[in-house]
Amino acid sequence: MSQSKEKNMLKNKIVILMAILLVIAVIYIISNSRAEIIVTDQELNFSNIAVKHFPVTEKGKIAWWKENKQKLKHEFNIPVPARNGDWYISIWNYGEGFKAPPEGDVRIFNSETRDMMCFNKDINKCIEKELLMRIENNRKSEVNLIMDDTIITVK
């Protein structure tokens, strides 16, 4: 094998190793970022929470719920059960932060508002809708964590 081919192979191996290390570093940083609750909203027995740095894995989301359910109750009074005991929590991605208010009424879905959600009926606290997880209580006092198409029941 020629010396230039050996150098090219060595360069390719170094590039691949660097790419693998970069991916590992990014995964480590993302998985160890602490989720931060930015804003909450409550209407009847429905709660909405906008969060930064929410876990990306199912396991991380379940752990987040177990670690934060008492904090939600004590600091934000979430959830608020209906008379029959049902309650619902939606966790939204805070994303790039609050956006300018949409042109239309955010309670009416149209081309400007269907992908926006405003917290506490404040048009200055709107985010783009990206649901990260839904948490629901049923009459058996079981809690369902809904992530994409997965439902996990915890007690």
# chains A, B, ... in the order shown; residues from 1 in each chain; ligands from 1
>>> residues_around(residues="range 114-120 of chain A", least_positions_apart="6", cutoff="6 Å", atoms="only C-alpha atoms", output="list in words")
Asp41, Cys126, Ile127, Glu128 and Lys129 of chain A
>>> select_by_dssp(residues="chain A", states="strand (DSSP E)", output="PyMOL selection string")
chain A and resi 36-43+46-52+87-93+116-118+126-128+131-137+143-147+150-154
>>> atom_distance(atom1="CA of Thr40 in chain A", atom2="CA of Trp92 in chain A")
9.9 Å
>>> closest_atom_pairs(of="range 25-125 of chain A", to="range 144-147 of chain A", cutoff="10 Å", atoms="only C-alpha atoms", output="tab-separated table")
residue	atom	partner	partner_atom	distance
A:Thr57	CA	A:Met147	CA	9.5
A:Glu58	CA	A:Met147	CA	7.3
A:Lys61	CA	A:Met147	CA	8.6
A:Ile62	CA	A:Leu145	CA	7.5
A:Trp65	CA	A:Leu145	CA	8.7
A:Tyr88	CA	A:Asn144	CA	9.6
A:Ile89	CA	A:Leu145	CA	9.5
A:Ser90	CA	A:Ile146	CA	9.5
>>> write_last_selection(atoms="all heavy atoms", output="PDB file, in the first residue's frame")
ATOM      1  N   THR A  57     -35.577  10.945  26.303  1.00  0.00           N
ATOM      2  CA  THR A  57     -35.888   9.520  26.308  1.00  0.00           C
ATOM      3  C   THR A  57     -37.115   9.244  27.166  1.00  0.00           C
ATOM      4  O   THR A  57     -37.448  10.024  28.072  1.00  0.00           O
ATOM      5  CB  THR A  57     -34.707   8.700  26.858  1.00  0.00           C
ATOM      6  OG1 THR A  57     -34.506   9.049  28.236  1.00  0.00           O
ATOM      7  CG2 THR A  57     -33.432   8.946  26.050  1.00  0.00           C
ATOM      8  N   GLU A  58     -37.782   8.125  26.898  1.00  0.00           N
ATOM      9  CA  GLU A  58     -38.924   7.723  27.722  1.00  0.00           C
ATOM     10  C   GLU A  58     -38.502   7.560  29.173  1.00  0.00           C
ATOM     11  O   GLU A  58     -39.179   8.017  30.084  1.00  0.00           O
ATOM     12  CB  GLU A  58     -39.516   6.396  27.219  1.00  0.00           C
ATOM     13  CG  GLU A  58     -40.478   6.538  26.093  1.00  0.00           C
ATOM     14  CD  GLU A  58     -41.105   5.210  25.705  1.00  0.00           C
ATOM     15  OE1 GLU A  58     -41.112   4.246  26.506  1.00  0.00           O
ATOM     16  OE2 GLU A  58     -41.606   5.132  24.569  1.00  0.00           O
ATOM     17  N   LYS A  61     -38.094  10.901  30.782  1.00  0.00           N
ATOM     18  CA  LYS A  61     -39.380  11.565  31.031  1.00  0.00           C
ATOM     19  C   LYS A  61     -40.083  10.968  32.241  1.00  0.00           C
ATOM     20  O   LYS A  61     -40.659  11.694  33.060  1.00  0.00           O
ATOM     21  CB  LYS A  61     -40.264  11.469  29.786  1.00  0.00           C
ATOM     22  CG  LYS A  61     -39.747  12.318  28.638  1.00  0.00           C
ATOM     23  CD  LYS A  61     -40.571  12.123  27.380  1.00  0.00           C
ATOM     24  CE  LYS A  61     -39.979  12.944  26.242  1.00  0.00           C
ATOM     25  NZ  LYS A  61     -40.736  12.801  25.000  1.00  0.00           N
ATOM     26  N   ILE A  62     -40.033   9.639  32.359  1.00  0.00           N
ATOM     27  CA  ILE A  62     -40.638   8.978  33.518  1.00  0.00           C
ATOM     28  C   ILE A  62     -39.928   9.425  34.787  1.00  0.00           C
ATOM     29  O   ILE A  62     -40.565   9.768  35.794  1.00  0.00           O
ATOM     30  CB  ILE A  62     -40.579   7.445  33.358  1.00  0.00           C
ATOM     31  CG1 ILE A  62     -41.463   7.007  32.183  1.00  0.00           C
ATOM     32  CG2 ILE A  62     -41.005   6.743  34.644  1.00  0.00           C
ATOM     33  CD1 ILE A  62     -41.219   5.580  31.722  1.00  0.00           C
ATOM     34  N   TRP A  65     -40.983  12.932  35.799  1.00  0.00           N
ATOM     35  CA  TRP A  65     -42.287  12.964  36.452  1.00  0.00           C
ATOM     36  C   TRP A  65     -42.158  12.522  37.916  1.00  0.00           C
ATOM     37  O   TRP A  65     -42.652  13.188  38.822  1.00  0.00           O
ATOM     38  CB  TRP A  65     -43.295  12.092  35.717  1.00  0.00           C
ATOM     39  CG  TRP A  65     -44.543  11.872  36.511  1.00  0.00           C
ATOM     40  CD1 TRP A  65     -44.984  10.707  37.052  1.00  0.00           C
ATOM     41  CD2 TRP A  65     -45.514  12.864  36.894  1.00  0.00           C
ATOM     42  NE1 TRP A  65     -46.152  10.900  37.739  1.00  0.00           N
ATOM     43  CE2 TRP A  65     -46.506  12.214  37.656  1.00  0.00           C
ATOM     44  CE3 TRP A  65     -45.638  14.228  36.660  1.00  0.00           C
ATOM     45  CZ2 TRP A  65     -47.597  12.885  38.188  1.00  0.00           C
ATOM     46  CZ3 TRP A  65     -46.736  14.900  37.194  1.00  0.00           C
ATOM     47  CH2 TRP A  65     -47.703  14.234  37.934  1.00  0.00           C
ATOM     48  N   TYR A  88     -55.409  16.425  34.097  1.00  0.00           N
ATOM     49  CA  TYR A  88     -54.589  16.295  32.894  1.00  0.00           C
ATOM     50  C   TYR A  88     -53.479  17.343  32.929  1.00  0.00           C
ATOM     51  O   TYR A  88     -53.729  18.496  33.249  1.00  0.00           O
ATOM     52  CB  TYR A  88     -55.434  16.510  31.630  1.00  0.00           C
ATOM     53  CG  TYR A  88     -56.641  15.614  31.589  1.00  0.00           C
ATOM     54  CD1 TYR A  88     -57.855  16.023  32.141  1.00  0.00           C
ATOM     55  CD2 TYR A  88     -56.566  14.351  31.021  1.00  0.00           C
ATOM     56  CE1 TYR A  88     -58.965  15.204  32.126  1.00  0.00           C
ATOM     57  CE2 TYR A  88     -57.676  13.520  30.996  1.00  0.00           C
ATOM     58  CZ  TYR A  88     -58.871  13.950  31.555  1.00  0.00           C
ATOM     59  OH  TYR A  88     -59.963  13.134  31.541  1.00  0.00           O
ATOM     60  N   ILE A  89     -52.275  16.912  32.583  1.00  0.00           N
ATOM     61  CA  ILE A  89     -51.140  17.831  32.491  1.00  0.00           C
ATOM     62  C   ILE A  89     -50.515  17.648  31.114  1.00  0.00           C
ATOM     63  O   ILE A  89     -50.225  16.525  30.702  1.00  0.00           O
ATOM     64  CB  ILE A  89     -50.069  17.540  33.561  1.00  0.00           C
ATOM     65  CG1 ILE A  89     -50.654  17.648  34.968  1.00  0.00           C
ATOM     66  CG2 ILE A  89     -48.875  18.474  33.382  1.00  0.00           C
ATOM     67  CD1 ILE A  89     -49.702  17.179  36.068  1.00  0.00           C
ATOM     68  N   SER A  90     -50.297  18.753  30.414  1.00  0.00           N
ATOM     69  CA  SER A  90     -49.584  18.722  29.136  1.00  0.00           C
ATOM     70  C   SER A  90     -48.252  19.435  29.323  1.00  0.00           C
ATOM     71  O   SER A  90     -48.201  20.550  29.824  1.00  0.00           O
ATOM     72  CB  SER A  90     -50.392  19.418  28.039  1.00  0.00           C
ATOM     73  OG  SER A  90     -51.590  18.702  27.793  1.00  0.00           O
TER      74      SER A  90
END
>>> select_by_dssp(residues="range 6-152 of chain A", states="helix (DSSP H, G or I)", output="VMD selection string")
chain A and resid 6 to 32 58 to 76 119 to 121
>>> write_last_selection(atoms="N, CA and C atoms", output="compact mmCIF listing (two decimals), in the first residue's frame")
# COMPACT_ATOMS: atom_id res chain seq x y z
N GLU A 6 -2.19 5.17 3.05
CA GLU A 6 -2.13 4.95 4.50
C GLU A 6 -2.48 6.24 5.25
N LYS A 7 -1.97 7.36 4.76
CA LYS A 7 -2.28 8.65 5.38
C LYS A 7 -3.78 8.96 5.28
N ASN A 8 -4.37 8.69 4.12
CA ASN A 8 -5.80 8.92 3.93
C ASN A 8 -6.62 8.04 4.85
N MET A 9 -6.22 6.78 5.00
CA MET A 9 -6.94 5.87 5.90
C MET A 9 -6.85 6.35 7.34
N LEU A 10 -5.67 6.80 7.73
CA LEU A 10 -5.48 7.32 9.09
C LEU A 10 -6.34 8.57 9.31
N LYS A 11 -6.36 9.47 8.32
CA LYS A 11 -7.19 10.67 8.42
C LYS A 11 -8.67 10.30 8.55
N ASN A 12 -9.12 9.32 7.76
CA ASN A 12 -10.52 8.88 7.82
C ASN A 12 -10.85 8.31 9.19
N LYS A 13 -9.95 7.52 9.75
CA LYS A 13 -10.18 6.95 11.08
C LYS A 13 -10.26 8.04 12.13
N ILE A 14 -9.40 9.05 12.02
CA ILE A 14 -9.41 10.16 12.98
C ILE A 14 -10.72 10.94 12.86
N VAL A 15 -11.19 11.20 11.64
CA VAL A 15 -12.45 11.92 11.43
C VAL A 15 -13.61 11.12 12.02
N ILE A 16 -13.64 9.82 11.78
CA ILE A 16 -14.73 8.98 12.31
C ILE A 16 -14.69 8.98 13.84
N LEU A 17 -13.50 8.85 14.42
CA LEU A 17 -13.37 8.88 15.88
C LEU A 17 -13.84 10.21 16.46
N MET A 18 -13.47 11.31 15.82
CA MET A 18 -13.90 12.64 16.27
C MET A 18 -15.42 12.77 16.20
N ALA A 19 -16.02 12.27 15.12
CA ALA A 19 -17.47 12.34 14.97
C ALA A 19 -18.16 11.53 16.07
N ILE A 20 -17.64 10.35 16.36
CA ILE A 20 -18.23 9.52 17.42
C ILE A 20 -18.11 10.22 18.77
N LEU A 21 -16.96 10.79 19.06
CA LEU A 21 -16.78 11.52 20.32
C LEU A 21 -17.72 12.72 20.43
N LEU A 22 -17.93 13.41 19.33
CA LEU A 22 -18.83 14.56 19.32
C LEU A 22 -20.27 14.12 19.61
N VAL A 23 -20.70 13.03 18.98
CA VAL A 23 -22.06 12.51 19.22
C VAL A 23 -22.21 12.11 20.68
N ILE A 24 -21.22 11.43 21.22
CA ILE A 24 -21.28 11.03 22.63
C ILE A 24 -21.36 12.26 23.53
N ALA A 25 -20.58 13.28 23.24
CA ALA A 25 -20.59 14.50 24.05
C ALA A 25 -21.96 15.19 23.99
N VAL A 26 -22.55 15.28 22.81
CA VAL A 26 -23.87 15.91 22.66
C VAL A 26 -24.92 15.12 23.42
N ILE A 27 -24.91 13.81 23.31
CA ILE A 27 -25.88 12.98 24.03
C ILE A 27 -25.69 13.16 25.54
N TYR A 28 -24.47 13.20 25.99
CA TYR A 28 -24.20 13.39 27.42
C TYR A 28 -24.73 14.74 27.91
N ILE A 29 -24.47 15.78 27.16
CA ILE A 29 -24.92 17.12 27.55
C ILE A 29 -26.44 17.19 27.58
N ILE A 30 -27.08 16.65 26.55
CA ILE A 30 -28.55 16.67 26.49
C ILE A 30 -29.15 15.86 27.63
N SER A 31 -28.62 14.68 27.87
CA SER A 31 -29.20 13.81 28.89
C SER A 31 -28.96 14.34 30.30
N ASN A 32 -27.95 15.17 30.50
CA ASN A 32 -27.67 15.69 31.83
C ASN A 32 -28.14 17.12 32.05
N GLU A 58 -37.78 8.12 26.90
CA GLU A 58 -38.92 7.72 27.72
C GLU A 58 -38.50 7.56 29.17
N LYS A 59 -37.38 6.90 29.37
CA LYS A 59 -36.87 6.68 30.72
C LYS A 59 -36.62 8.01 31.44
N GLY A 60 -36.05 8.97 30.73
CA GLY A 60 -35.80 10.28 31.31
C GLY A 60 -37.08 11.02 31.64
N LYS A 61 -38.09 10.90 30.78
CA LYS A 61 -39.38 11.57 31.03
C LYS A 61 -40.08 10.97 32.24
N ILE A 62 -40.03 9.64 32.36
CA ILE A 62 -40.64 8.98 33.52
C ILE A 62 -39.93 9.43 34.79
N ALA A 63 -38.61 9.44 34.75
CA ALA A 63 -37.83 9.89 35.92
C ALA A 63 -38.16 11.33 36.26
N TRP A 64 -38.31 12.19 35.24
CA TRP A 64 -38.65 13.59 35.49
C TRP A 64 -39.98 13.68 36.24
N TRP A 65 -40.98 12.93 35.80
CA TRP A 65 -42.29 12.96 36.45
C TRP A 65 -42.16 12.52 37.92
N LYS A 66 -41.47 11.42 38.14
CA LYS A 66 -41.34 10.91 39.51
C LYS A 66 -40.60 11.90 40.40
N GLU A 67 -39.59 12.57 39.86
CA GLU A 67 -38.81 13.52 40.64
C GLU A 67 -39.53 14.85 40.86
N ASN A 68 -40.46 15.22 39.97
CA ASN A 68 -41.05 16.56 40.00
C ASN A 68 -42.52 16.63 40.37
N LYS A 69 -43.19 15.50 40.57
CA LYS A 69 -44.64 15.58 40.84
C LYS A 69 -44.93 16.29 42.15
N GLN A 70 -44.09 16.11 43.16
CA GLN A 70 -44.30 16.82 44.43
C GLN A 70 -44.01 18.32 44.29
N LYS A 71 -42.96 18.64 43.54
CA LYS A 71 -42.63 20.05 43.29
C LYS A 71 -43.78 20.74 42.55
N LEU A 72 -44.35 20.08 41.56
CA LEU A 72 -45.47 20.66 40.82
C LEU A 72 -46.64 20.94 41.76
N LYS A 73 -46.91 20.00 42.67
CA LYS A 73 -48.04 20.16 43.59
C LYS A 73 -47.77 21.32 44.57
N HIS A 74 -46.58 21.35 45.15
CA HIS A 74 -46.29 22.33 46.20
C HIS A 74 -46.01 23.73 45.65
N GLU A 75 -45.29 23.83 44.54
CA GLU A 75 -44.93 25.15 44.03
C GLU A 75 -45.95 25.74 43.05
N PHE A 76 -46.66 24.88 42.31
CA PHE A 76 -47.55 25.38 41.26
C PHE A 76 -49.00 24.96 41.43
N PHE A 119 -50.05 31.16 27.32
CA PHE A 119 -50.22 30.79 28.72
C PHE A 119 -50.92 31.90 29.48
N ASN A 120 -51.82 31.48 30.36
CA ASN A 120 -52.55 32.38 31.24
C ASN A 120 -53.28 33.49 30.47
N LYS A 121 -53.71 33.16 29.27
CA LYS A 121 -54.45 34.10 28.40
C LYS A 121 -53.67 35.38 28.16
>>> residues_around(residues="Glu142 in chain A", least_positions_apart="6", cutoff="12 Å", atoms="only C-alpha atoms", output="PyMOL selection string")
chain A and resi 85-87+135-136+151-155
>>> residues_around(residues="Asn93 in chain A", least_positions_apart="5", cutoff="7 Å", atoms="only C-alpha atoms", output="list in words")
Ala50, Val51, Lys52, Glu130, Leu131 and Leu132 of chain A
